[in-house]
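Structure file run.txt (compact mmCIF, N, CA and C atoms) is printed below.
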```
# COMPACT_ATOMS: atom_id res chain seq x y z
N MET A 1 82.66 -95.01 -265.63
CA MET A 1 83.93 -95.54 -265.17
C MET A 1 84.08 -96.96 -265.68
N GLY A 2 85.22 -97.32 -266.24
CA GLY A 2 85.46 -98.65 -266.77
C GLY A 2 85.86 -99.64 -265.70
N LEU A 3 86.02 -100.88 -266.13
CA LEU A 3 86.40 -101.95 -265.21
C LEU A 3 87.74 -101.66 -264.55
N LEU A 4 88.69 -101.19 -265.32
CA LEU A 4 90.01 -100.91 -264.77
C LEU A 4 89.94 -99.82 -263.70
N ASP A 5 89.16 -98.78 -263.96
CA ASP A 5 88.96 -97.74 -262.94
C ASP A 5 88.35 -98.33 -261.68
N SER A 6 87.37 -99.22 -261.87
CA SER A 6 86.70 -99.84 -260.72
C SER A 6 87.66 -100.68 -259.91
N VAL A 7 88.50 -101.45 -260.60
CA VAL A 7 89.45 -102.33 -259.91
C VAL A 7 90.46 -101.50 -259.12
N VAL A 8 91.05 -100.53 -259.77
CA VAL A 8 92.04 -99.68 -259.09
C VAL A 8 91.39 -98.96 -257.93
N GLY A 9 90.23 -98.39 -258.17
CA GLY A 9 89.52 -97.69 -257.10
C GLY A 9 89.18 -98.60 -255.95
N SER A 10 88.76 -99.82 -256.26
CA SER A 10 88.40 -100.77 -255.21
C SER A 10 89.62 -101.17 -254.39
N VAL A 11 90.70 -101.51 -255.06
CA VAL A 11 91.92 -101.91 -254.35
C VAL A 11 92.41 -100.80 -253.44
N LEU A 12 92.57 -99.63 -254.00
CA LEU A 12 93.12 -98.53 -253.24
C LEU A 12 92.11 -97.96 -252.26
N GLY A 13 90.85 -97.96 -252.62
CA GLY A 13 89.82 -97.45 -251.72
C GLY A 13 89.66 -98.32 -250.49
N HIS A 14 89.65 -99.65 -250.66
CA HIS A 14 89.58 -100.55 -249.52
C HIS A 14 90.80 -100.38 -248.62
N ALA A 15 91.95 -100.21 -249.24
CA ALA A 15 93.18 -100.07 -248.47
C ALA A 15 93.21 -98.77 -247.69
N ALA A 16 92.49 -97.78 -248.16
CA ALA A 16 92.53 -96.47 -247.51
C ALA A 16 91.99 -96.53 -246.08
N GLY A 17 91.18 -97.54 -245.79
CA GLY A 17 90.64 -97.64 -244.45
C GLY A 17 91.62 -98.11 -243.41
N GLY A 18 92.70 -98.76 -243.84
CA GLY A 18 93.67 -99.31 -242.90
C GLY A 18 94.80 -98.35 -242.62
N ALA A 19 95.60 -98.69 -241.63
CA ALA A 19 96.74 -97.85 -241.26
C ALA A 19 97.73 -97.72 -242.40
N GLN A 20 97.88 -98.81 -243.18
CA GLN A 20 98.83 -98.76 -244.29
C GLN A 20 98.27 -97.99 -245.47
N GLY A 21 96.98 -97.68 -245.43
CA GLY A 21 96.33 -97.10 -246.58
C GLY A 21 96.25 -95.59 -246.60
N ALA A 22 96.96 -94.91 -245.73
CA ALA A 22 96.88 -93.45 -245.70
C ALA A 22 97.23 -92.88 -247.06
N GLY A 23 96.35 -92.04 -247.60
CA GLY A 23 96.59 -91.40 -248.88
C GLY A 23 96.16 -92.21 -250.08
N LEU A 24 95.65 -93.42 -249.88
CA LEU A 24 95.30 -94.26 -251.03
C LEU A 24 93.99 -93.87 -251.68
N GLY A 25 93.06 -93.30 -250.93
CA GLY A 25 91.80 -92.88 -251.53
C GLY A 25 92.01 -91.89 -252.65
N PRO A 26 92.72 -90.79 -252.41
CA PRO A 26 93.01 -89.85 -253.49
C PRO A 26 93.87 -90.47 -254.60
N LEU A 27 94.77 -91.36 -254.23
CA LEU A 27 95.62 -91.99 -255.23
C LEU A 27 94.76 -92.77 -256.23
N ALA A 28 93.71 -93.44 -255.74
CA ALA A 28 92.83 -94.20 -256.61
C ALA A 28 92.19 -93.31 -257.66
N SER A 29 91.82 -92.10 -257.27
CA SER A 29 91.14 -91.21 -258.21
C SER A 29 92.07 -90.74 -259.33
N VAL A 30 93.35 -90.75 -259.08
CA VAL A 30 94.32 -90.32 -260.09
C VAL A 30 94.88 -91.52 -260.86
N LEU A 31 95.24 -92.57 -260.13
CA LEU A 31 95.90 -93.71 -260.76
C LEU A 31 94.94 -94.52 -261.62
N GLY A 32 93.69 -94.65 -261.19
CA GLY A 32 92.71 -95.42 -261.97
C GLY A 32 92.60 -94.94 -263.41
N PRO A 33 92.27 -93.66 -263.61
CA PRO A 33 92.18 -93.16 -264.98
C PRO A 33 93.51 -93.23 -265.74
N MET A 34 94.62 -93.06 -265.03
CA MET A 34 95.93 -93.09 -265.71
C MET A 34 96.27 -94.48 -266.20
N LEU A 35 95.83 -95.52 -265.48
CA LEU A 35 96.08 -96.88 -265.93
C LEU A 35 95.05 -97.32 -266.97
N ALA A 36 93.85 -96.76 -266.90
CA ALA A 36 92.76 -97.19 -267.76
C ALA A 36 92.86 -96.63 -269.18
N SER A 37 93.49 -95.50 -269.34
CA SER A 37 93.53 -94.85 -270.64
C SER A 37 94.98 -94.66 -271.08
N THR A 38 95.21 -94.87 -272.36
CA THR A 38 96.55 -94.64 -272.89
C THR A 38 96.73 -93.18 -273.30
N ASN A 39 95.68 -92.38 -273.19
CA ASN A 39 95.72 -90.98 -273.61
C ASN A 39 96.04 -90.07 -272.41
N ASN A 40 97.20 -90.28 -271.81
CA ASN A 40 97.66 -89.48 -270.68
C ASN A 40 99.18 -89.62 -270.58
N PRO A 41 99.81 -88.85 -269.71
CA PRO A 41 101.28 -88.90 -269.64
C PRO A 41 101.86 -90.28 -269.31
N LEU A 42 101.13 -91.10 -268.58
CA LEU A 42 101.63 -92.43 -268.24
C LEU A 42 101.49 -93.40 -269.40
N GLY A 43 100.42 -93.27 -270.16
CA GLY A 43 100.21 -94.17 -271.29
C GLY A 43 99.47 -95.45 -270.92
N GLY A 44 98.71 -95.39 -269.83
CA GLY A 44 97.93 -96.56 -269.43
C GLY A 44 98.82 -97.68 -268.89
N LEU A 45 98.22 -98.84 -268.73
CA LEU A 45 98.96 -99.99 -268.23
C LEU A 45 100.12 -100.35 -269.16
N PRO A 46 99.91 -100.36 -270.49
CA PRO A 46 101.06 -100.63 -271.37
C PRO A 46 102.18 -99.61 -271.22
N GLY A 47 101.83 -98.35 -271.05
CA GLY A 47 102.83 -97.30 -270.88
C GLY A 47 103.61 -97.46 -269.59
N LEU A 48 102.90 -97.82 -268.53
CA LEU A 48 103.56 -98.07 -267.25
C LEU A 48 104.59 -99.18 -267.39
N LEU A 49 104.19 -100.28 -267.99
CA LEU A 49 105.10 -101.41 -268.16
C LEU A 49 106.28 -101.04 -269.06
N HIS A 50 106.01 -100.26 -270.09
CA HIS A 50 107.08 -99.82 -270.99
C HIS A 50 108.10 -98.95 -270.27
N ARG A 51 107.63 -98.09 -269.39
CA ARG A 51 108.56 -97.23 -268.63
C ARG A 51 109.48 -98.07 -267.75
N PHE A 52 108.95 -99.13 -267.14
CA PHE A 52 109.79 -100.00 -266.33
C PHE A 52 110.80 -100.73 -267.22
N GLU A 53 110.38 -101.17 -268.40
CA GLU A 53 111.30 -101.82 -269.34
C GLU A 53 112.41 -100.87 -269.75
N GLN A 54 112.05 -99.65 -270.12
CA GLN A 54 113.04 -98.67 -270.55
C GLN A 54 114.02 -98.33 -269.44
N GLY A 55 113.57 -98.39 -268.20
CA GLY A 55 114.42 -98.07 -267.06
C GLY A 55 115.25 -99.26 -266.59
N GLY A 56 115.26 -100.34 -267.35
CA GLY A 56 116.04 -101.51 -266.97
C GLY A 56 115.38 -102.34 -265.88
N LEU A 57 114.09 -102.11 -265.65
CA LEU A 57 113.37 -102.82 -264.60
C LEU A 57 112.25 -103.68 -265.17
N GLY A 58 112.40 -104.05 -266.42
CA GLY A 58 111.38 -104.86 -267.08
C GLY A 58 111.14 -106.19 -266.40
N HIS A 59 112.19 -106.75 -265.78
CA HIS A 59 112.02 -108.03 -265.09
C HIS A 59 111.06 -107.90 -263.91
N LEU A 60 111.05 -106.73 -263.26
CA LEU A 60 110.11 -106.51 -262.15
C LEU A 60 108.68 -106.47 -262.68
N ALA A 61 108.46 -105.63 -263.69
CA ALA A 61 107.12 -105.50 -264.25
C ALA A 61 106.64 -106.81 -264.85
N ALA A 62 107.55 -107.55 -265.47
CA ALA A 62 107.17 -108.85 -266.04
C ALA A 62 106.71 -109.82 -264.96
N SER A 63 107.30 -109.74 -263.78
CA SER A 63 106.88 -110.63 -262.70
C SER A 63 105.48 -110.28 -262.21
N TRP A 64 105.10 -109.01 -262.28
CA TRP A 64 103.77 -108.60 -261.86
C TRP A 64 102.72 -109.08 -262.85
N VAL A 65 103.08 -109.06 -264.14
CA VAL A 65 102.16 -109.50 -265.18
C VAL A 65 102.08 -111.02 -265.20
N GLY A 66 103.21 -111.68 -265.03
CA GLY A 66 103.27 -113.14 -265.10
C GLY A 66 102.47 -113.80 -263.99
N THR A 67 102.39 -115.11 -264.07
CA THR A 67 101.58 -115.86 -263.11
C THR A 67 102.37 -116.34 -261.90
N GLY A 68 103.65 -116.05 -261.83
CA GLY A 68 104.47 -116.42 -260.68
C GLY A 68 104.46 -115.34 -259.62
N PRO A 69 105.39 -115.45 -258.68
CA PRO A 69 105.46 -114.45 -257.60
C PRO A 69 105.84 -113.07 -258.13
N ASN A 70 105.33 -112.04 -257.46
CA ASN A 70 105.64 -110.65 -257.82
C ASN A 70 106.94 -110.23 -257.14
N LEU A 71 107.86 -109.73 -257.93
CA LEU A 71 109.08 -109.18 -257.36
C LEU A 71 108.78 -107.82 -256.76
N PRO A 72 109.40 -107.50 -255.63
CA PRO A 72 109.16 -106.18 -255.02
C PRO A 72 109.88 -105.08 -255.79
N VAL A 73 109.39 -103.87 -255.60
CA VAL A 73 110.00 -102.69 -256.20
C VAL A 73 110.17 -101.66 -255.10
N SER A 74 111.22 -100.89 -255.17
CA SER A 74 111.45 -99.85 -254.16
C SER A 74 110.93 -98.51 -254.67
N GLY A 75 110.78 -97.59 -253.76
CA GLY A 75 110.38 -96.24 -254.14
C GLY A 75 111.38 -95.61 -255.09
N ALA A 76 112.65 -95.86 -254.87
CA ALA A 76 113.69 -95.31 -255.75
C ALA A 76 113.56 -95.89 -257.16
N GLN A 77 113.23 -97.18 -257.26
CA GLN A 77 113.05 -97.80 -258.58
C GLN A 77 111.81 -97.24 -259.28
N VAL A 78 110.76 -96.97 -258.51
CA VAL A 78 109.57 -96.35 -259.09
C VAL A 78 109.94 -94.98 -259.64
N HIS A 79 110.73 -94.23 -258.88
CA HIS A 79 111.18 -92.92 -259.34
C HIS A 79 111.99 -93.05 -260.63
N ASP A 80 112.92 -94.00 -260.66
CA ASP A 80 113.76 -94.19 -261.84
C ASP A 80 112.92 -94.55 -263.07
N ALA A 81 111.90 -95.39 -262.87
CA ALA A 81 111.09 -95.85 -264.00
C ALA A 81 110.12 -94.78 -264.49
N LEU A 82 109.46 -94.11 -263.57
CA LEU A 82 108.42 -93.15 -263.96
C LEU A 82 108.95 -91.75 -264.19
N GLY A 83 110.07 -91.43 -263.56
CA GLY A 83 110.66 -90.12 -263.73
C GLY A 83 110.15 -89.12 -262.71
N GLY A 84 111.02 -88.22 -262.33
CA GLY A 84 110.70 -87.23 -261.32
C GLY A 84 109.60 -86.27 -261.73
N ASP A 85 109.54 -85.92 -263.01
CA ASP A 85 108.52 -84.97 -263.46
C ASP A 85 107.11 -85.55 -263.33
N LEU A 86 106.93 -86.79 -263.78
CA LEU A 86 105.62 -87.42 -263.68
C LEU A 86 105.22 -87.59 -262.22
N LEU A 87 106.15 -88.06 -261.41
CA LEU A 87 105.85 -88.25 -259.98
C LEU A 87 105.54 -86.93 -259.29
N ALA A 88 106.30 -85.90 -259.60
CA ALA A 88 106.04 -84.59 -259.00
C ALA A 88 104.67 -84.07 -259.40
N GLY A 89 104.30 -84.26 -260.67
CA GLY A 89 102.99 -83.83 -261.13
C GLY A 89 101.87 -84.58 -260.43
N LEU A 90 102.02 -85.89 -260.32
CA LEU A 90 101.01 -86.69 -259.61
C LEU A 90 100.93 -86.30 -258.14
N ALA A 91 102.09 -86.18 -257.52
CA ALA A 91 102.13 -85.82 -256.10
C ALA A 91 101.48 -84.46 -255.87
N GLY A 92 101.73 -83.51 -256.77
CA GLY A 92 101.11 -82.20 -256.66
C GLY A 92 99.59 -82.27 -256.76
N ARG A 93 99.10 -83.09 -257.67
CA ARG A 93 97.65 -83.26 -257.82
C ARG A 93 97.04 -83.90 -256.59
N LEU A 94 97.82 -84.72 -255.91
CA LEU A 94 97.32 -85.42 -254.72
C LEU A 94 97.59 -84.66 -253.44
N GLY A 95 98.39 -83.61 -253.51
CA GLY A 95 98.73 -82.85 -252.31
C GLY A 95 99.62 -83.63 -251.36
N MET A 96 100.52 -84.43 -251.93
CA MET A 96 101.43 -85.20 -251.08
C MET A 96 102.85 -85.05 -251.57
N ASP A 97 103.78 -85.43 -250.75
CA ASP A 97 105.19 -85.39 -251.07
C ASP A 97 105.52 -86.48 -252.09
N PRO A 98 106.35 -86.19 -253.10
CA PRO A 98 106.71 -87.22 -254.08
C PRO A 98 107.31 -88.48 -253.45
N ALA A 99 108.07 -88.33 -252.38
CA ALA A 99 108.65 -89.52 -251.72
C ALA A 99 107.55 -90.41 -251.13
N GLN A 100 106.50 -89.79 -250.58
CA GLN A 100 105.38 -90.56 -250.05
C GLN A 100 104.66 -91.28 -251.19
N LEU A 101 104.49 -90.61 -252.31
CA LEU A 101 103.84 -91.22 -253.47
C LEU A 101 104.66 -92.40 -253.98
N GLN A 102 105.97 -92.24 -254.06
CA GLN A 102 106.85 -93.34 -254.50
C GLN A 102 106.66 -94.57 -253.63
N THR A 103 106.57 -94.35 -252.32
CA THR A 103 106.39 -95.46 -251.38
C THR A 103 105.05 -96.15 -251.62
N LEU A 104 103.98 -95.37 -251.81
CA LEU A 104 102.67 -95.95 -252.07
C LEU A 104 102.67 -96.74 -253.38
N LEU A 105 103.26 -96.15 -254.41
CA LEU A 105 103.30 -96.83 -255.70
C LEU A 105 104.13 -98.11 -255.62
N ALA A 106 105.23 -98.06 -254.88
CA ALA A 106 106.06 -99.26 -254.73
C ALA A 106 105.28 -100.38 -254.07
N GLN A 107 104.42 -100.03 -253.14
CA GLN A 107 103.61 -101.02 -252.44
C GLN A 107 102.49 -101.56 -253.31
N TRP A 108 101.83 -100.68 -254.07
CA TRP A 108 100.59 -101.06 -254.74
C TRP A 108 100.71 -101.39 -256.21
N LEU A 109 101.70 -100.89 -256.93
CA LEU A 109 101.79 -101.22 -258.35
C LEU A 109 101.93 -102.72 -258.60
N PRO A 110 102.78 -103.44 -257.86
CA PRO A 110 102.84 -104.89 -258.12
C PRO A 110 101.50 -105.59 -257.91
N VAL A 111 100.77 -105.19 -256.90
CA VAL A 111 99.46 -105.79 -256.61
C VAL A 111 98.47 -105.47 -257.72
N LEU A 112 98.41 -104.19 -258.10
CA LEU A 112 97.46 -103.77 -259.13
C LEU A 112 97.75 -104.43 -260.47
N VAL A 113 99.00 -104.38 -260.91
CA VAL A 113 99.34 -104.96 -262.20
C VAL A 113 99.06 -106.46 -262.19
N ASP A 114 99.41 -107.13 -261.10
CA ASP A 114 99.16 -108.57 -260.98
C ASP A 114 97.67 -108.87 -261.12
N LYS A 115 96.84 -108.13 -260.41
CA LYS A 115 95.40 -108.39 -260.44
C LYS A 115 94.74 -107.95 -261.74
N LEU A 116 95.35 -107.00 -262.44
CA LEU A 116 94.80 -106.55 -263.71
C LEU A 116 95.22 -107.44 -264.87
N THR A 117 96.15 -108.35 -264.61
CA THR A 117 96.63 -109.27 -265.65
C THR A 117 96.61 -110.71 -265.13
N PRO A 118 95.44 -111.21 -264.71
CA PRO A 118 95.38 -112.53 -264.06
C PRO A 118 95.78 -113.69 -264.96
N GLN A 119 95.71 -113.51 -266.27
CA GLN A 119 96.10 -114.58 -267.19
C GLN A 119 97.57 -114.51 -267.58
N GLY A 120 98.29 -113.54 -267.03
CA GLY A 120 99.71 -113.42 -267.31
C GLY A 120 100.03 -112.64 -268.57
N VAL A 121 99.05 -111.93 -269.11
CA VAL A 121 99.28 -111.10 -270.29
C VAL A 121 98.53 -109.78 -270.11
N VAL A 122 99.06 -108.73 -270.76
CA VAL A 122 98.40 -107.44 -270.75
C VAL A 122 97.31 -107.49 -271.81
N PRO A 123 96.04 -107.27 -271.43
CA PRO A 123 94.97 -107.30 -272.41
C PRO A 123 95.20 -106.28 -273.52
N ALA A 124 94.99 -106.71 -274.75
CA ALA A 124 95.23 -105.83 -275.90
C ALA A 124 94.30 -104.63 -275.89
N ASP A 125 93.07 -104.81 -275.39
CA ASP A 125 92.11 -103.71 -275.39
C ASP A 125 92.15 -102.89 -274.11
N GLY A 126 93.05 -103.22 -273.18
CA GLY A 126 93.18 -102.47 -271.95
C GLY A 126 92.19 -102.86 -270.88
N ALA A 127 91.26 -103.79 -271.19
CA ALA A 127 90.27 -104.22 -270.20
C ALA A 127 90.85 -105.35 -269.38
N ALA A 128 90.53 -105.36 -268.11
CA ALA A 128 91.00 -106.44 -267.24
C ALA A 128 90.31 -107.73 -267.59
N SER A 129 91.02 -108.83 -267.45
CA SER A 129 90.46 -110.13 -267.74
C SER A 129 89.51 -110.57 -266.64
N GLY A 130 88.62 -111.48 -266.96
CA GLY A 130 87.70 -112.02 -265.98
C GLY A 130 86.55 -111.06 -265.72
N THR A 131 85.60 -111.52 -264.93
CA THR A 131 84.48 -110.65 -264.61
C THR A 131 84.88 -109.68 -263.52
N SER A 132 84.22 -108.55 -263.50
CA SER A 132 84.56 -107.55 -262.50
C SER A 132 84.28 -108.08 -261.10
N GLN A 133 83.23 -108.87 -260.95
CA GLN A 133 82.90 -109.39 -259.62
C GLN A 133 83.98 -110.36 -259.12
N ASP A 134 84.46 -111.23 -260.00
CA ASP A 134 85.53 -112.16 -259.61
C ASP A 134 86.80 -111.40 -259.22
N LEU A 135 87.13 -110.41 -260.03
CA LEU A 135 88.35 -109.64 -259.78
C LEU A 135 88.24 -108.85 -258.48
N LEU A 136 87.10 -108.21 -258.27
CA LEU A 136 86.93 -107.43 -257.04
C LEU A 136 86.91 -108.33 -255.82
N ALA A 137 86.34 -109.54 -255.95
CA ALA A 137 86.33 -110.47 -254.82
C ALA A 137 87.74 -110.90 -254.47
N SER A 138 88.56 -111.17 -255.47
CA SER A 138 89.94 -111.58 -255.19
C SER A 138 90.73 -110.44 -254.57
N LEU A 139 90.49 -109.22 -255.02
CA LEU A 139 91.18 -108.07 -254.44
C LEU A 139 90.74 -107.83 -253.00
N GLY A 140 89.45 -107.99 -252.74
CA GLY A 140 88.95 -107.81 -251.38
C GLY A 140 89.58 -108.79 -250.42
N SER A 141 89.71 -110.06 -250.83
CA SER A 141 90.32 -111.06 -249.95
C SER A 141 91.81 -110.77 -249.76
N LEU A 142 92.46 -110.28 -250.80
CA LEU A 142 93.87 -109.93 -250.70
C LEU A 142 94.07 -108.82 -249.67
N LEU A 143 93.22 -107.81 -249.73
CA LEU A 143 93.37 -106.67 -248.82
C LEU A 143 93.04 -107.03 -247.38
N GLN A 144 92.16 -107.99 -247.18
CA GLN A 144 91.84 -108.40 -245.81
C GLN A 144 93.02 -109.11 -245.17
N LYS A 145 93.91 -109.65 -245.96
CA LYS A 145 95.12 -110.33 -245.44
C LYS A 145 96.19 -109.35 -245.06
N LYS A 146 96.13 -108.11 -245.56
CA LYS A 146 97.19 -107.11 -245.30
C LYS A 146 97.19 -106.67 -243.88
```

Mind converting the file's structure to structure tokens?
Amino acid sequence: MGLLDSVVGSVLGHAAGGAQGAGLGPLASVLGPMLASTNNPLGGLPGLLHRFEQGGLGHLAASWVGTGPNLPVSGAQVHDALGGDLLAGLAGRLGMDPAQLQTLLAQWLPVLVDKLTPQGVVPADGAASGTSQDLLASLGSLLQKK
């Protein structure tokens, strides 16, 4: 498992223990590999960002990558950017309703993208910047505040 898989799994896995984290454990097992590799329907982190740009929501995704505040995204905007087919496929693999998945993604995509791009740029090689320990420590402290 690569660093990106570890980060996504850690963020979502830690969150799964809380009331707000229902369904996040299984989501980590699907979303981690989808963000880590460009060889899947999402196209990795670059593909995710591209889908938001194509859907007219590039300003949202850019705020998550940038070093300023993260703009919120709604479940409906996640649906518009990712498309109903991709969401339905993911939801089916997770055994959850697509609307529930949209809500989870709306909550966690800004956090994940922000933490995976701490320098304000998408890494060219797809690896998260910084050491894994530093990144996981910052994510752990973030989740304890939730």

Exercise. Expressed in Å to a single decimal, how great is the separation between CA of Pro41 (chain A) and CA of Ser63 (chain A)?
Worked result: 23.5 Å

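Taking CA of Gly84 (chain A) as the reference point, atom C of Asn39 (chain A) is found at 18.6 Å.
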
For this session: Identify all residues of region 40-124 of chain A in alpha helix (DSSP H) (DSSP on the backbone) and supply them as an MDAnalysis selection string.
Result: chainID A and resid 44:54 58:65 75:82 84:94 98:116

For this session: Would you list the contacts of Gly43 (chain A) as a VMD selection string, taking every protein, DNA or RNA residue within 12 Å and counting only C-alpha atoms, but skipping same-chain residues closer than 5 positions in sequence?
Result: chain A and resid 31 33 to 38 48 to 51 82 86 126

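Minimum atom-to-atom distances from A:Lys115, A:Leu90, A:Thr103, A:Ala81 to Gly55 (chain A) were compared using all atoms listed in the file, and the lowest value belongs to A:Ala81.
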
For this session: State, in Å with one decimal place, the distance from atom N of Pro69 (chain A) to atom N of Trp108 (chain A).
Result: 15.9 Å

Using only C-alpha atoms, collect all residues at a distance of at most 10 Å from (105.4, -99.7, -251.1) as written in the file, then present them as a PDB file with N, CA and C atoms, in the frame of the given file.
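So the final result, stored in out-v2.pdb, reads:
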```
ATOM      1  N   GLN A  20      97.880 -98.810-243.180  1.00  0.00           N
ATOM      2  CA  GLN A  20      98.830 -98.760-244.290  1.00  0.00           C
ATOM      3  C   GLN A  20      98.270 -97.990-245.470  1.00  0.00           C
ATOM      4  N   PRO A  72     109.400-107.500-255.630  1.00  0.00           N
ATOM      5  CA  PRO A  72     109.160-106.180-255.020  1.00  0.00           C
ATOM      6  C   PRO A  72     109.880-105.080-255.790  1.00  0.00           C
ATOM      7  N   VAL A  73     109.390-103.870-255.600  1.00  0.00           N
ATOM      8  CA  VAL A  73     110.000-102.690-256.200  1.00  0.00           C
ATOM      9  C   VAL A  73     110.170-101.660-255.100  1.00  0.00           C
ATOM     10  N   SER A  74     111.220-100.890-255.170  1.00  0.00           N
ATOM     11  CA  SER A  74     111.450 -99.850-254.160  1.00  0.00           C
ATOM     12  C   SER A  74     110.930 -98.510-254.670  1.00  0.00           C
ATOM     13  N   GLY A  75     110.780 -97.590-253.760  1.00  0.00           N
ATOM     14  CA  GLY A  75     110.380 -96.240-254.140  1.00  0.00           C
ATOM     15  C   GLY A  75     111.380 -95.610-255.090  1.00  0.00           C
ATOM     16  N   VAL A  78     110.760 -96.970-258.510  1.00  0.00           N
ATOM     17  CA  VAL A  78     109.570 -96.350-259.090  1.00  0.00           C
ATOM     18  C   VAL A  78     109.940 -94.980-259.640  1.00  0.00           C
ATOM     19  N   GLN A 100     106.500 -89.790-250.580  1.00  0.00           N
ATOM     20  CA  GLN A 100     105.380 -90.560-250.050  1.00  0.00           C
ATOM     21  C   GLN A 100     104.660 -91.280-251.190  1.00  0.00           C
ATOM     22  N   LEU A 101     104.490 -90.610-252.310  1.00  0.00           N
ATOM     23  CA  LEU A 101     103.840 -91.220-253.470  1.00  0.00           C
ATOM     24  C   LEU A 101     104.660 -92.400-253.980  1.00  0.00           C
ATOM     25  N   GLN A 102     105.970 -92.240-254.060  1.00  0.00           N
ATOM     26  CA  GLN A 102     106.850 -93.340-254.500  1.00  0.00           C
ATOM     27  C   GLN A 102     106.660 -94.570-253.630  1.00  0.00           C
ATOM     28  N   THR A 103     106.570 -94.350-252.320  1.00  0.00           N
ATOM     29  CA  THR A 103     106.390 -95.460-251.380  1.00  0.00           C
ATOM     30  C   THR A 103     105.050 -96.150-251.620  1.00  0.00           C
ATOM     31  N   LEU A 104     103.980 -95.370-251.810  1.00  0.00           N
ATOM     32  CA  LEU A 104     102.670 -95.950-252.070  1.00  0.00           C
ATOM     33  C   LEU A 104     102.670 -96.740-253.380  1.00  0.00           C
ATOM     34  N   LEU A 105     103.260 -96.150-254.410  1.00  0.00           N
ATOM     35  CA  LEU A 105     103.300 -96.830-255.700  1.00  0.00           C
ATOM     36  C   LEU A 105     104.130 -98.110-255.620  1.00  0.00           C
ATOM     37  N   ALA A 106     105.230 -98.060-254.880  1.00  0.00           N
ATOM     38  CA  ALA A 106     106.060 -99.260-254.730  1.00  0.00           C
ATOM     39  C   ALA A 106     105.280-100.380-254.070  1.00  0.00           C
ATOM     40  N   GLN A 107     104.420-100.030-253.140  1.00  0.00           N
ATOM     41  CA  GLN A 107     103.610-101.020-252.440  1.00  0.00           C
ATOM     42  C   GLN A 107     102.490-101.560-253.310  1.00  0.00           C
ATOM     43  N   TRP A 108     101.830-100.680-254.070  1.00  0.00           N
ATOM     44  CA  TRP A 108     100.590-101.060-254.740  1.00  0.00           C
ATOM     45  C   TRP A 108     100.710-101.390-256.210  1.00  0.00           C
ATOM     46  N   LEU A 109     101.700-100.890-256.930  1.00  0.00           N
ATOM     47  CA  LEU A 109     101.790-101.220-258.350  1.00  0.00           C
ATOM     48  C   LEU A 109     101.930-102.720-258.600  1.00  0.00           C
ATOM     49  N   PRO A 110     102.780-103.440-257.860  1.00  0.00           N
ATOM     50  CA  PRO A 110     102.840-104.890-258.120  1.00  0.00           C
ATOM     51  C   PRO A 110     101.500-105.590-257.910  1.00  0.00           C
TER      52      PRO A 110
END
```

Quick one: what's the axis-aligned box for region 74-81 of chain A, all listed atoms, 4 Å on every side, centre and edges in Å to one decimal, as lines of an AutoDock Vina configuration file?
```
center_x = 111.7
center_y = -96.9
center_z = -259.1
size_x = 12.2
size_y = 16.0
size_z = 18.7
```

Exercise. Which polymer residues have any atom within 9 Å of an atom of Thr117 (chain A), counting only C-alpha atoms, with same-chain residues fewer than 3 positions away left out, as a ChimeraX atom specification?
Worked result: /A:64-67,112-114,120-123,128-129

For this session: Have a look at A:Ala62, A:Leu45, A:Leu57, A:Leu94 and name the one nearest to Asp80 (chain A); count only C-alpha atoms.
Result: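 The shortest atom-to-atom distance to Asp80 (chain A) comes from A:Leu57.
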